[in-house]
Structures are given as structure tokens and as C-alpha cells.
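Shown below: my_file38.txt, with compact mmCIF, C-alpha atoms.
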# COMPACT_ATOMS: atom_id res chain seq x y z
CA MET A 209 -48.35 -60.02 99.84
CA VAL A 210 -46.43 -56.96 98.67
CA LYS A 211 -47.67 -55.75 95.30
CA LYS A 212 -44.90 -54.84 92.87
CA GLN A 213 -44.97 -51.11 92.06
CA ILE A 214 -45.25 -50.47 88.34
CA ASP A 215 -43.25 -47.65 86.78
CA PRO A 216 -45.77 -44.91 85.79
CA GLU A 217 -43.88 -44.41 82.52
CA ALA A 218 -44.66 -48.01 81.59
CA LEU A 219 -48.35 -47.10 81.19
CA LEU A 220 -47.67 -44.24 78.76
CA PRO A 221 -48.93 -43.02 76.38
CA LEU A 222 -52.45 -42.99 77.81
CA ARG A 223 -55.49 -43.32 75.59
CA PRO A 224 -57.21 -39.93 75.17
CA SER A 225 -60.32 -41.07 77.06
CA VAL A 226 -58.20 -42.34 79.98
CA PHE A 227 -56.13 -39.15 80.05
CA HIS A 228 -59.26 -36.99 80.21
CA ILE A 229 -60.86 -39.15 82.90
CA LEU A 230 -57.75 -38.89 85.09
CA MET A 231 -57.58 -35.16 84.42
CA ALA A 232 -61.23 -34.77 85.47
CA LEU A 233 -60.57 -36.67 88.70
CA SER A 234 -57.49 -34.59 89.54
CA ASP A 235 -59.79 -31.89 90.99
CA GLY A 236 -61.66 -34.28 93.29
CA ASP A 237 -64.02 -37.24 93.48
CA LEU A 238 -66.62 -37.53 90.75
CA HIS A 239 -69.29 -40.00 89.62
CA GLY A 240 -69.60 -41.23 86.03
CA TYR A 241 -71.88 -38.47 84.77
CA GLY A 242 -69.76 -35.85 86.56
CA ILE A 243 -66.64 -37.18 84.82
CA MET A 244 -68.38 -36.96 81.44
CA GLN A 245 -69.46 -33.37 82.11
CA GLU A 246 -65.97 -32.36 83.24
CA VAL A 247 -64.35 -33.96 80.18
CA ALA A 248 -66.86 -32.26 77.85
CA GLU A 249 -66.11 -28.93 79.52
CA HIS A 250 -62.30 -29.37 79.31
CA THR A 251 -62.48 -30.25 75.64
CA ASP A 252 -65.06 -27.60 74.64
CA GLY A 253 -67.59 -30.35 74.00
CA GLN A 254 -65.31 -32.15 71.52
CA ILE A 255 -65.16 -35.31 73.64
CA LYS A 256 -68.44 -36.62 74.99
CA LEU A 257 -67.77 -39.97 76.61
CA GLY A 258 -70.40 -42.62 76.02
CA PRO A 259 -71.43 -45.02 78.81
CA GLY A 260 -69.55 -48.04 77.40
CA THR A 261 -66.31 -46.14 76.82
CA LEU A 262 -66.50 -44.43 80.21
CA TYR A 263 -67.26 -47.49 82.33
CA GLY A 264 -64.90 -49.69 80.27
CA ALA A 265 -62.12 -47.20 81.02
CA ILE A 266 -63.17 -47.01 84.69
CA LYS A 267 -63.01 -50.81 84.92
CA ARG A 268 -59.44 -50.84 83.54
CA LEU A 269 -58.36 -47.88 85.69
CA LEU A 270 -59.68 -49.65 88.80
CA SER A 271 -57.84 -52.85 87.93
CA GLU A 272 -54.59 -50.94 87.35
CA ARG A 273 -55.17 -49.07 90.63
CA LEU A 274 -55.02 -45.64 89.03
CA ILE A 275 -58.39 -44.85 90.60
CA VAL A 276 -60.41 -46.26 93.49
CA GLU A 277 -64.02 -46.06 94.54
CA ALA A 278 -64.34 -43.27 97.11
CA ASP A 279 -65.50 -44.38 100.57
CA GLU A 280 -66.99 -41.06 101.58
CA ARG A 281 -70.36 -40.29 100.08
CA PRO A 282 -71.57 -36.75 99.52
CA ASP A 283 -74.54 -35.49 101.49
CA PRO A 284 -77.40 -37.87 100.50
CA GLU A 285 -79.79 -34.95 100.48
CA LEU A 286 -77.74 -33.19 97.84
CA ASP A 287 -77.01 -36.21 95.69
CA ASP A 288 -78.23 -39.72 94.93
CA GLU A 289 -76.36 -41.97 97.36
CA ARG A 290 -76.58 -44.94 94.97
CA ARG A 291 -74.05 -43.24 92.70
CA ARG A 292 -70.49 -44.47 92.91
CA TYR A 293 -67.78 -41.86 93.19
CA TYR A 294 -64.24 -42.37 91.93
CA ARG A 295 -60.99 -40.97 93.28
CA LEU A 296 -57.53 -40.63 91.75
CA THR A 297 -54.92 -42.67 93.67
CA ASP A 298 -51.35 -41.51 94.35
CA PHE A 299 -50.20 -43.87 91.63
CA GLY A 300 -52.86 -42.46 89.27
CA GLN A 301 -51.58 -38.98 90.03
CA LYS A 302 -48.00 -40.05 89.20
CA VAL A 303 -49.14 -41.56 85.90
CA LEU A 304 -51.13 -38.41 85.04
CA ARG A 305 -48.11 -36.18 85.85
CA ALA A 306 -45.84 -38.36 83.72
CA GLU A 307 -48.30 -38.12 80.81
CA VAL A 308 -48.61 -34.34 81.16
CA GLN A 309 -44.79 -34.07 81.15
CA ARG A 310 -44.61 -36.25 78.07
CA ILE A 311 -47.16 -34.09 76.28
CA SER A 312 -45.48 -30.85 77.39
CA LYS A 313 -42.15 -32.12 76.00
CA MET A 314 -43.86 -32.73 72.66
CA VAL A 315 -45.38 -29.25 72.79
CA SER A 316 -41.89 -27.76 73.43
CA VAL A 317 -40.54 -29.60 70.39
CA ALA A 318 -43.46 -28.30 68.31
CA GLN A 319 -42.76 -24.76 69.55
CA ARG A 320 -39.06 -25.05 68.69
CA LYS A 321 -40.05 -26.17 65.22
CA ARG A 322 -42.40 -23.16 65.07
CA LEU A 323 -45.39 -25.38 64.46
CA ILE A 324 -47.22 -23.55 67.25
CA PRO A 325 -46.47 -20.17 68.83
CA LYS A 326 -44.56 -20.01 72.12
CA THR A 327 -46.69 -19.32 75.18
CA ARG A 328 -45.59 -16.52 77.50
CA SER A 329 -45.16 -17.57 81.11
CA MET B 252 -96.93 -49.03 72.36
CA LYS B 253 -94.18 -46.50 72.91
CA MET B 254 -91.15 -47.87 74.73
CA PRO B 255 -89.57 -45.53 77.29
CA PRO B 256 -85.93 -44.61 76.51
CA GLN B 257 -84.75 -46.15 79.78
CA ARG B 258 -86.20 -49.51 78.81
CA LEU B 259 -84.56 -49.31 75.36
CA PHE B 260 -81.21 -48.51 76.95
CA GLN B 261 -81.61 -51.44 79.38
CA MET B 262 -82.12 -53.71 76.39
CA ALA B 263 -79.05 -52.26 74.66
CA LEU B 264 -77.00 -53.17 77.73
CA PHE B 265 -77.46 -56.85 76.84
CA ALA B 266 -74.80 -56.32 74.17
CA TYR B 267 -72.18 -56.16 76.95
CA PRO B 268 -70.75 -59.22 78.75
CA ARG B 269 -72.75 -60.40 81.76
CA GLU B 270 -70.02 -59.64 84.30
CA PHE B 271 -69.62 -56.10 82.96
CA ARG B 272 -73.39 -55.55 83.01
CA TYR B 273 -73.61 -56.87 86.53
CA GLU B 274 -70.82 -54.55 87.75
CA TYR B 275 -71.64 -51.37 85.84
CA GLY B 276 -75.14 -51.82 84.38
CA LYS B 277 -76.99 -49.82 87.06
CA GLN B 278 -74.43 -47.00 86.89
CA MET B 279 -74.67 -46.92 83.10
CA GLU B 280 -78.46 -46.67 83.34
CA GLN B 281 -78.11 -43.78 85.79
CA PHE B 282 -75.56 -42.17 83.47
CA PHE B 283 -77.91 -42.46 80.48
CA ARG B 284 -80.84 -41.12 82.55
CA ASP B 285 -78.78 -38.04 83.48
CA CYS B 286 -77.64 -37.47 79.90
CA TYR B 287 -81.19 -37.93 78.56
CA ARG B 288 -82.64 -35.45 81.05
CA ALA B 289 -79.96 -32.85 80.29
CA GLU B 290 -80.25 -33.19 76.49
CA LYS B 291 -84.05 -33.02 76.58
CA MET B 292 -83.99 -29.94 78.76
CA ASN B 293 -81.24 -28.09 76.89
CA ARG B 294 -81.61 -29.08 73.25
CA GLY B 295 -84.95 -30.87 72.95
CA ARG B 296 -85.55 -33.56 70.35
CA LEU B 297 -82.36 -32.76 68.44
CA GLY B 298 -80.28 -33.30 71.58
CA VAL B 299 -82.05 -36.57 72.35
CA GLY B 300 -81.45 -37.77 68.77
CA GLY B 301 -77.76 -36.90 69.09
CA LEU B 302 -77.58 -38.74 72.40
CA TRP B 303 -79.04 -41.90 70.88
CA LEU B 304 -76.62 -41.70 67.97
CA ARG B 305 -73.64 -41.29 70.31
CA THR B 306 -74.90 -44.12 72.52
CA ILE B 307 -75.30 -46.53 69.60
CA LEU B 308 -71.85 -45.68 68.20
CA ASP B 309 -70.38 -46.08 71.68
CA LEU B 310 -72.10 -49.45 72.07
CA ALA B 311 -70.70 -50.63 68.71
CA ARG B 312 -67.18 -49.69 69.83
CA ALA B 313 -67.20 -50.65 73.51
CA ALA B 314 -69.23 -53.90 73.59
CA PRO B 315 -66.91 -55.91 71.26
CA ARG B 316 -63.89 -54.61 73.21
CA GLU B 317 -65.37 -55.85 76.49
CA HIS B 318 -66.21 -59.23 74.97
CA LEU B 319 -62.69 -59.60 73.57
CA GLU B 320 -61.17 -58.66 76.92
CA ASN B 321 -63.41 -61.18 78.62
CA LEU B 322 -62.38 -63.91 76.20
CA GLY B 323 -58.68 -63.23 76.69
CA LYS B 324 -58.96 -63.13 80.49
CA ASP B 325 -59.43 -66.84 81.23
CA ASN B 326 -58.72 -68.49 77.93
CA PRO B 327 -55.09 -69.64 77.51
CA ILE B 328 -55.55 -70.03 73.76
CA MET B 329 -56.66 -66.40 73.38
CA LYS B 330 -53.95 -65.25 75.81
CA ASN B 331 -51.24 -66.95 73.75
CA LEU B 332 -52.77 -65.99 70.41
CA GLY B 333 -49.69 -63.97 69.41
CA LYS B 334 -47.27 -66.74 70.40
CA ASN B 335 -49.37 -69.37 68.62
CA ALA B 336 -49.52 -67.27 65.45
CA LEU B 337 -45.73 -66.87 65.60
CA ALA B 338 -45.29 -70.62 66.08
CA LEU B 339 -47.55 -71.28 63.09
CA LEU B 340 -45.60 -68.80 60.96
CA GLY B 341 -42.34 -70.42 62.09
CA SER B 342 -43.67 -73.83 61.10
CA ILE B 343 -44.61 -72.57 57.63
CA VAL B 344 -41.12 -71.09 57.21
CA LEU B 345 -39.63 -74.45 58.25
CA ILE B 346 -41.78 -76.27 55.67
CA VAL B 347 -40.61 -73.92 52.93
CA ILE B 348 -36.94 -74.32 53.94
CA ALA B 349 -37.31 -78.11 54.11
CA PHE B 350 -38.97 -78.15 50.69
CA LEU B 351 -36.20 -76.01 49.14
CA LEU B 352 -33.44 -78.09 50.77
CA LEU B 353 -35.03 -81.35 49.65
CA SER B 354 -35.39 -80.10 46.09
CA TYR B 355 -31.75 -79.02 46.12
CA GLY B 356 -30.63 -82.33 47.67
CA ARG B 357 -32.56 -84.39 45.13
CA LYS B 358 -31.26 -82.40 42.19
CA HIS B 359 -27.64 -82.70 43.31
CA GLU B 360 -27.99 -86.07 45.10
CA ILE B 361 -26.57 -84.79 48.37
CA SER B 362 -27.62 -87.35 50.99
CA THR B 363 -26.81 -85.18 54.04
CA ILE B 364 -29.17 -82.47 52.80
CA LEU B 365 -31.82 -85.10 52.12
CA ILE B 366 -31.54 -86.36 55.72
CA PHE B 367 -31.62 -82.78 57.02
CA GLY B 368 -34.65 -82.07 54.84
CA ARG B 369 -36.41 -85.21 56.07
CA THR B 370 -35.78 -84.17 59.66
CA LEU B 371 -37.26 -80.74 58.97
CA ASP B 372 -40.19 -82.43 57.20
CA ALA B 373 -40.82 -84.58 60.26
CA LEU B 374 -40.42 -81.60 62.60
CA THR B 375 -42.93 -79.44 60.75
CA THR B 376 -45.51 -82.12 59.96
CA ALA B 377 -45.48 -83.63 63.45
CA GLY B 378 -45.23 -80.12 64.93
CA ILE B 379 -48.34 -78.78 63.21
CA VAL B 380 -50.50 -81.89 63.62
CA GLY B 381 -49.23 -82.78 67.10
CA ASN B 382 -49.40 -79.30 68.59
CA LEU B 383 -52.86 -78.69 67.19
CA ILE B 384 -54.10 -81.84 68.93
CA ILE B 385 -52.20 -80.92 72.13
CA PHE B 386 -53.68 -77.40 72.28
CA LEU B 387 -57.19 -78.74 71.63
CA LEU B 388 -56.83 -81.40 74.33
CA MET B 389 -55.45 -78.83 76.75
CA ALA B 390 -58.38 -76.52 76.07
CA ILE B 391 -61.11 -79.11 76.53
CA THR B 392 -59.66 -81.40 79.24
CA ARG B 393 -58.07 -80.90 82.64
CA LEU B 394 -55.37 -83.54 82.06
CA ASN B 395 -51.71 -82.89 82.84
CA PRO B 396 -50.37 -80.86 79.85
CA LEU B 397 -46.98 -82.62 79.83
CA ARG B 398 -48.66 -86.01 79.77
CA ILE B 399 -50.91 -84.85 76.91
CA ALA B 400 -47.81 -83.67 75.02
CA LEU B 401 -45.90 -86.92 75.63
CA TRP B 402 -48.63 -89.28 74.40
CA THR B 403 -49.81 -87.08 71.54
CA LEU B 404 -46.29 -86.59 70.20
CA LEU B 405 -45.53 -90.32 70.52
CA VAL B 406 -48.71 -91.29 68.65
CA VAL B 407 -48.45 -88.57 65.98
CA ASN B 408 -44.73 -89.14 65.26
CA GLY B 409 -45.26 -92.91 65.23
CA ALA B 410 -48.25 -92.69 62.88
CA LEU B 411 -46.45 -90.30 60.51
CA LEU B 412 -43.38 -92.57 60.51
CA LEU B 413 -45.50 -95.56 59.52
CA VAL B 414 -47.27 -93.58 56.77
CA THR B 415 -43.94 -92.27 55.43
CA ILE B 416 -42.46 -95.79 55.39
CA ALA B 417 -45.55 -97.20 53.67
CA VAL B 418 -45.91 -94.45 51.04
CA GLY B 419 -42.39 -93.01 50.76
CA SER B 420 -40.69 -96.35 50.01
CA LYS B 421 -42.96 -96.75 46.97
CA VAL B 422 -42.91 -93.23 45.52
CA ASP B 423 -39.49 -91.85 46.55
CA PRO B 424 -36.49 -93.38 44.74
CA SER B 425 -34.06 -91.84 47.28
CA PHE B 426 -36.03 -93.20 50.27
CA SER B 427 -33.89 -94.30 53.22
CA LEU B 428 -35.47 -95.94 56.25
CA GLY B 429 -32.67 -94.77 58.56
CA GLY B 430 -33.06 -91.12 57.48
CA VAL B 431 -36.83 -91.15 57.95
CA MET B 432 -36.60 -92.80 61.37
CA LEU B 433 -33.92 -90.38 62.48
CA GLY B 434 -36.17 -87.48 61.39
CA TYR B 435 -39.11 -88.60 63.53
CA VAL B 436 -36.93 -89.39 66.56
CA VAL B 437 -35.43 -85.87 66.36
CA SER B 438 -38.94 -84.44 65.86
CA PHE B 439 -40.28 -86.25 68.94
CA LEU B 440 -37.32 -85.16 71.11
CA PHE B 441 -37.49 -81.56 69.87
CA TRP B 442 -41.22 -81.03 70.43
CA PHE B 443 -41.32 -82.89 73.72
CA SER B 444 -38.34 -80.87 75.02
CA LEU B 445 -40.15 -77.67 74.06
CA HIS B 446 -43.28 -78.75 75.97
CA TRP B 447 -41.18 -79.81 78.95
CA ILE B 448 -39.44 -76.39 79.03
CA TRP B 449 -42.82 -74.67 78.61
CA SER B 450 -44.38 -76.65 81.48
CA LYS B 451 -41.40 -75.79 83.75
CA ALA B 452 -41.61 -72.11 82.79
CA SER B 453 -45.37 -71.75 83.23
CA GLY B 454 -45.53 -73.67 86.54
CA PRO B 455 -48.38 -75.92 87.70
CA ARG B 456 -51.76 -75.51 86.06
CA PRO B 457 -54.22 -73.56 88.25
CA VAL B 458 -57.03 -75.58 89.77
CA SER B 459 -60.46 -74.45 88.64
CA ASN B 460 -62.74 -73.05 91.36
CA GLU B 461 -65.78 -74.33 89.59
CA SER B 462 -67.12 -77.57 90.95
As C-alpha cells:
Amino acid sequence: MVKKQIDPEALLPLRPSVFHILMALSDGDLHGYGIMQEVAEHTDGQIKLGPGTLYGAIKRLLSERLIVEADERPDPELDDERRRYYRLTDFGQKVLRAEVQRISKMVSVAQRKRLIPKTRS
Amino acid sequence: MKMPPQRLFQMALFAYPREFRYEYGKQMEQFFRDCYRAEKMNRGRLGVGGLWLRTILDLARAAPREHLENLGKDNPIMKNLGKNALALLGSIVLIVIAFLLLSYGRKHEISTILIFGRTLDALTTAGIVGNLIIFLLMAITRLNPLRIALWTLLVVNGALLLVTIAVGSKVDPSFSLGGVMLGYVVSFLFWFSLHWIWSKASGPRPVSNES
């Protein structure tokens, strides 16, 4: 059965926790604790995901096929092989890009209104 | 006896739905173990206290959400909660309109408005009582929904018609048997048509996998 492709825009705006989880996974596969550490680092420790929020979001992201469980395991000697790693799908990447574009448009509007200074490219 | 933090966290996991615990419980334990180790090493008791506080707040937020999601997943009543609320609101609006029209009709002795008002009366009364029984029967039995609707609406409209004839003829000076009967016939046809359209739109009822 061919699964109907959902428009990435239809899932926007993303909840902050979901946005940060997808952002953390954009660099590569991570397990739950790794995602939490990455999110805390990106947000200067402002967002520390709790276990319920994190795995609740992971459950929904898996069902919407924005992420999948990674097949390849890291070297068992370096890491606990019982951990599950998660990977951003192509669709997840599209949704993340769409959300980043949406946010950057809002930032441009805020810059035009001189609410925040313009960044030099 | 001092309870190890892992054991306490395992107990806290019972606040989540069983399916969620089964799927993610072990990972959540591992996650907590990692956090606990890091906080104890980096910030000592203060860090551990902060971790517990965050974990409890997270539990209070996430566990009800998972339970609600679980309820809505397989329960048609919860799934259609918005639609049902709208239908209920619509019924209340209809009652108010019928009441206003009837008051106006009585005051000015306009028989067409009285008949219209009686039809709306029948529609709302039979609608609320009938649909409540239909939804309850659909939730607790595996009978054909259209058949439930047909028999419930027949019985409810018939019973209300008999009550209205028995009581209305004694207390309402402008009572007309034809108007009341017309109201309940329209009510039956209206509600049954709605259920028929609904059953066609929603397709056949899925067969439960549970034996």
C-alpha cells in the first residue's frame, strides 16, 4: 500500500521540544540521553527534557515518520548496545527545514520592525 | 530502609500507561540513570535534588497527556468528543429557538409557528434522549450501529409521542394531535437520515481483534 505523503508545512508550527529534538538529530543518530544533552547544550541549559516529555515526543515522531530507530549500532565496546538510537528521516529533515524557514521569516520581520538588530552575513 | 533512586523512578513509571511503559520504560530508566550519575558527579546533592524536581514536574505533565492520547486512540466517543459537544450545543440552541417560537406562536395564536415549534420540540427532545442511548449502546455493544439507531429512534419517538398526547392534551389548550404526530414523524426521519448518512460516510465498523 502506498502511504500518502503529508505536506511538511501541515505539521507546522512544531512544539519547542519537538523542534529541539529534530535539531539535535540533524547532526546524526543519538540515543535519548544524547538528545537531552544536545538540546541542553543548544539552549544554554534552558531546556532540559525530562524522560516523559522526551519519550512521549519520540513516540509521536516515530508514528509520524519524522524519525526512525537506527539499524546500525555503535561499537558495543564504546557504548551500551541496549540503547536505542534514533535517526532523522528525509521527511523529518523536510519538516525541520520548513520550520527553520518559518522561524527565519519571523526573525526577518522582527528585524525590519527593529525589534532585534540585523545580523551581518 | 533507604530506597535506591532507580527503584523510586521505576515506581514513578507506573503513572504512565502500560503500553507506553512497555515500549519506553527500560529506555526511560536508562535515561534517568545517566542523568542521575551526571548530576551527582557534577553538582552533588543539589543537582540530584534538581533532577528529582524536574522529573516529578515532567511526570505530572507527560503522564496525563499519554493517558489522554491512549483514551482517544481506540475510543470512538473520545475521538468524536468535539463533534458530540457541537451536536449537544446545537441541540440546546434548537431548544431555545423552539421555546421562543412557541411562546411567540401562543401569544399571537399563529398555528403554523406552533406546528413548527412542536416539530423542533420533538427534534430536540428525541435527539438528545435518543442519541444519548444510541451512543451508549454503540459504546458497550458490538451491534450494527444503524440497527441500534433505527430501533432506538422508533422507541424513543414513539414513547415521547405517547407521553405528549397523554400530558399535552390535558395541560395545553392549543394542543393538536396532528401537529404533535407530524413533529415526531419529522423527528424520526431527520435523526434516522443523519445516522444513515453517518454510517455510509464512516464505512463498516472494524472487527475487534480481541477474542
Interface rows for chain A against chain B: nearest pair, Å to one decimal, 8 Å, all atoms listed in the file, as a tab-separated table:
residue	atom	partner	partner_atom	distance
A:Gly240	CA	B:Phe282	CA	6.6
A:Tyr241	CA	B:Phe282	CA	5.4
A:Gly258	CA	B:Asp309	CA	5.6
A:Pro259	CA	B:Met279	CA	5.7
A:Gly260	CA	B:Ala313	CA	5.2
A:Thr261	CA	B:Ala313	CA	5.7
A:Tyr263	CA	B:Tyr275	CA	6.8
A:Gly264	CA	B:Ala313	CA	7.2
A:Arg291	CA	B:Gln278	CA	6.9
A:Arg292	CA	B:Gln278	CA	7.6
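Going from atom CA of Val276 of chain A to atom CA of Arg295 of chain A covers 5.3 Å.
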* What is the atom CA of Arg288 of chain B to atom CA of Ile275 of chain A distance in Å? -> 27.7 Å
So which residues are close to (-55.6, -50.5, 86.3), meaning at most 12 Å away in the file's coordinates with only C-alpha atoms counted, and can you show them as an mmCIF file with C-alpha atoms, keeping the file's coordinate frame?
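File written: point_8.cif
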data_model
loop_
_atom_site.group_PDB
_atom_site.id
_atom_site.type_symbol
_atom_site.label_atom_id
_atom_site.label_comp_id
_atom_site.auth_asym_id
_atom_site.auth_seq_id
_atom_site.Cartn_x
_atom_site.Cartn_y
_atom_site.Cartn_z
ATOM 1 C CA ILE A 214 -45.250 -50.470 88.340
ATOM 2 C CA PRO A 216 -45.770 -44.910 85.790
ATOM 3 C CA LEU A 219 -48.350 -47.100 81.190
ATOM 4 C CA LEU A 222 -52.450 -42.990 77.810
ATOM 5 C CA VAL A 226 -58.200 -42.340 79.980
ATOM 6 C CA LEU A 230 -57.750 -38.890 85.090
ATOM 7 C CA GLY A 264 -64.900 -49.690 80.270
ATOM 8 C CA ALA A 265 -62.120 -47.200 81.020
ATOM 9 C CA ILE A 266 -63.170 -47.010 84.690
ATOM 10 C CA LYS A 267 -63.010 -50.810 84.920
ATOM 11 C CA ARG A 268 -59.440 -50.840 83.540
ATOM 12 C CA LEU A 269 -58.360 -47.880 85.690
ATOM 13 C CA LEU A 270 -59.680 -49.650 88.800
ATOM 14 C CA SER A 271 -57.840 -52.850 87.930
ATOM 15 C CA GLU A 272 -54.590 -50.940 87.350
ATOM 16 C CA ARG A 273 -55.170 -49.070 90.630
ATOM 17 C CA LEU A 274 -55.020 -45.640 89.030
ATOM 18 C CA ILE A 275 -58.390 -44.850 90.600
ATOM 19 C CA VAL A 276 -60.410 -46.260 93.490
ATOM 20 C CA LEU A 296 -57.530 -40.630 91.750
ATOM 21 C CA THR A 297 -54.920 -42.670 93.670
ATOM 22 C CA PHE A 299 -50.200 -43.870 91.630
ATOM 23 C CA GLY A 300 -52.860 -42.460 89.270
ATOM 24 C CA VAL A 303 -49.140 -41.560 85.900
#
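Nearest to Val299 of chain B of all the residues B:Gly381, B:Ser362, B:Ser354, B:Pro256 is B:Pro256, based on only C-alpha atoms.
For the pair atom CA of Ile343 of chain B and atom CA of Gly434 of chain B, the interatomic distance is 17.5 Å.
Here the question is which of B:Trp303, B:Phe426, B:Phe386, B:Tyr435 gets nearest to Leu365 of chain B using all atoms listed in the file, and that residue is B:Phe426.
By chain and then residue number, the residues within 12 Å of Thr375 of chain B are Ala338, Leu339, Leu340, Gly341, Ser342, Ile343, Val344, Leu345, Ile346, Val347, Ile348, Ala349, Phe350, Gly368, Arg369, Gly381, Asn382, Leu383, Val407, Asn408, Leu411, Gly434, Tyr435, Val437, Ser438, Phe439, Phe441 and Trp442 of chain B, counting all atoms listed in the file and disregarding those fewer than 6 positions away in sequence.
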* To do: Go through B:Leu259, B:Ile366, B:Ile379, B:Leu401 one by one, measure the shortest atom-to-atom distance of each to Trp447 of chain B using only C-alpha atoms, and give the residue with the smallest value.
  => B:Leu401
* **7 Å contact set for Tyr294 of chain A, all atoms listed in the file, chain neighbours under 6 positions out, as a ChimeraX atom specification** => /A:237-239,275-278
Dump C-alpha atoms for the selected residues as a PDB file, in the coordinates of the input?
ATOM      1  CA  ASP A 237     -64.020 -37.240  93.480  1.00  0.00           C
ATOM      2  CA  LEU A 238     -66.620 -37.530  90.750  1.00  0.00           C
ATOM      3  CA  HIS A 239     -69.290 -40.000  89.620  1.00  0.00           C
ATOM      4  CA  ILE A 275     -58.390 -44.850  90.600  1.00  0.00           C
ATOM      5  CA  VAL A 276     -60.410 -46.260  93.490  1.00  0.00           C
ATOM      6  CA  GLU A 277     -64.020 -46.060  94.540  1.00  0.00           C
ATOM      7  CA  ALA A 278     -64.340 -43.270  97.110  1.00  0.00           C
TER       8      ALA A 278
END
Let me have the centre and edge lengths of the axis-aligned box enclosing all listed atoms of segment 245-259 of chain A with 4 Å padding on every side, in Å to one decimal, as lines of an AutoDock Vina configuration file.
center_x = -66.9
center_y = -36.3
center_z = 77.4
size_x = 17.1
size_y = 25.4
size_z = 19.7
* Can you tell me, as a ChimeraX atom specification, what residues are no more than 9 Å from Glu217 of chain A when counting only C-alpha atoms, ignoring any on the same chain fewer than 4 positions away? -> /A:221,302-303,306-307
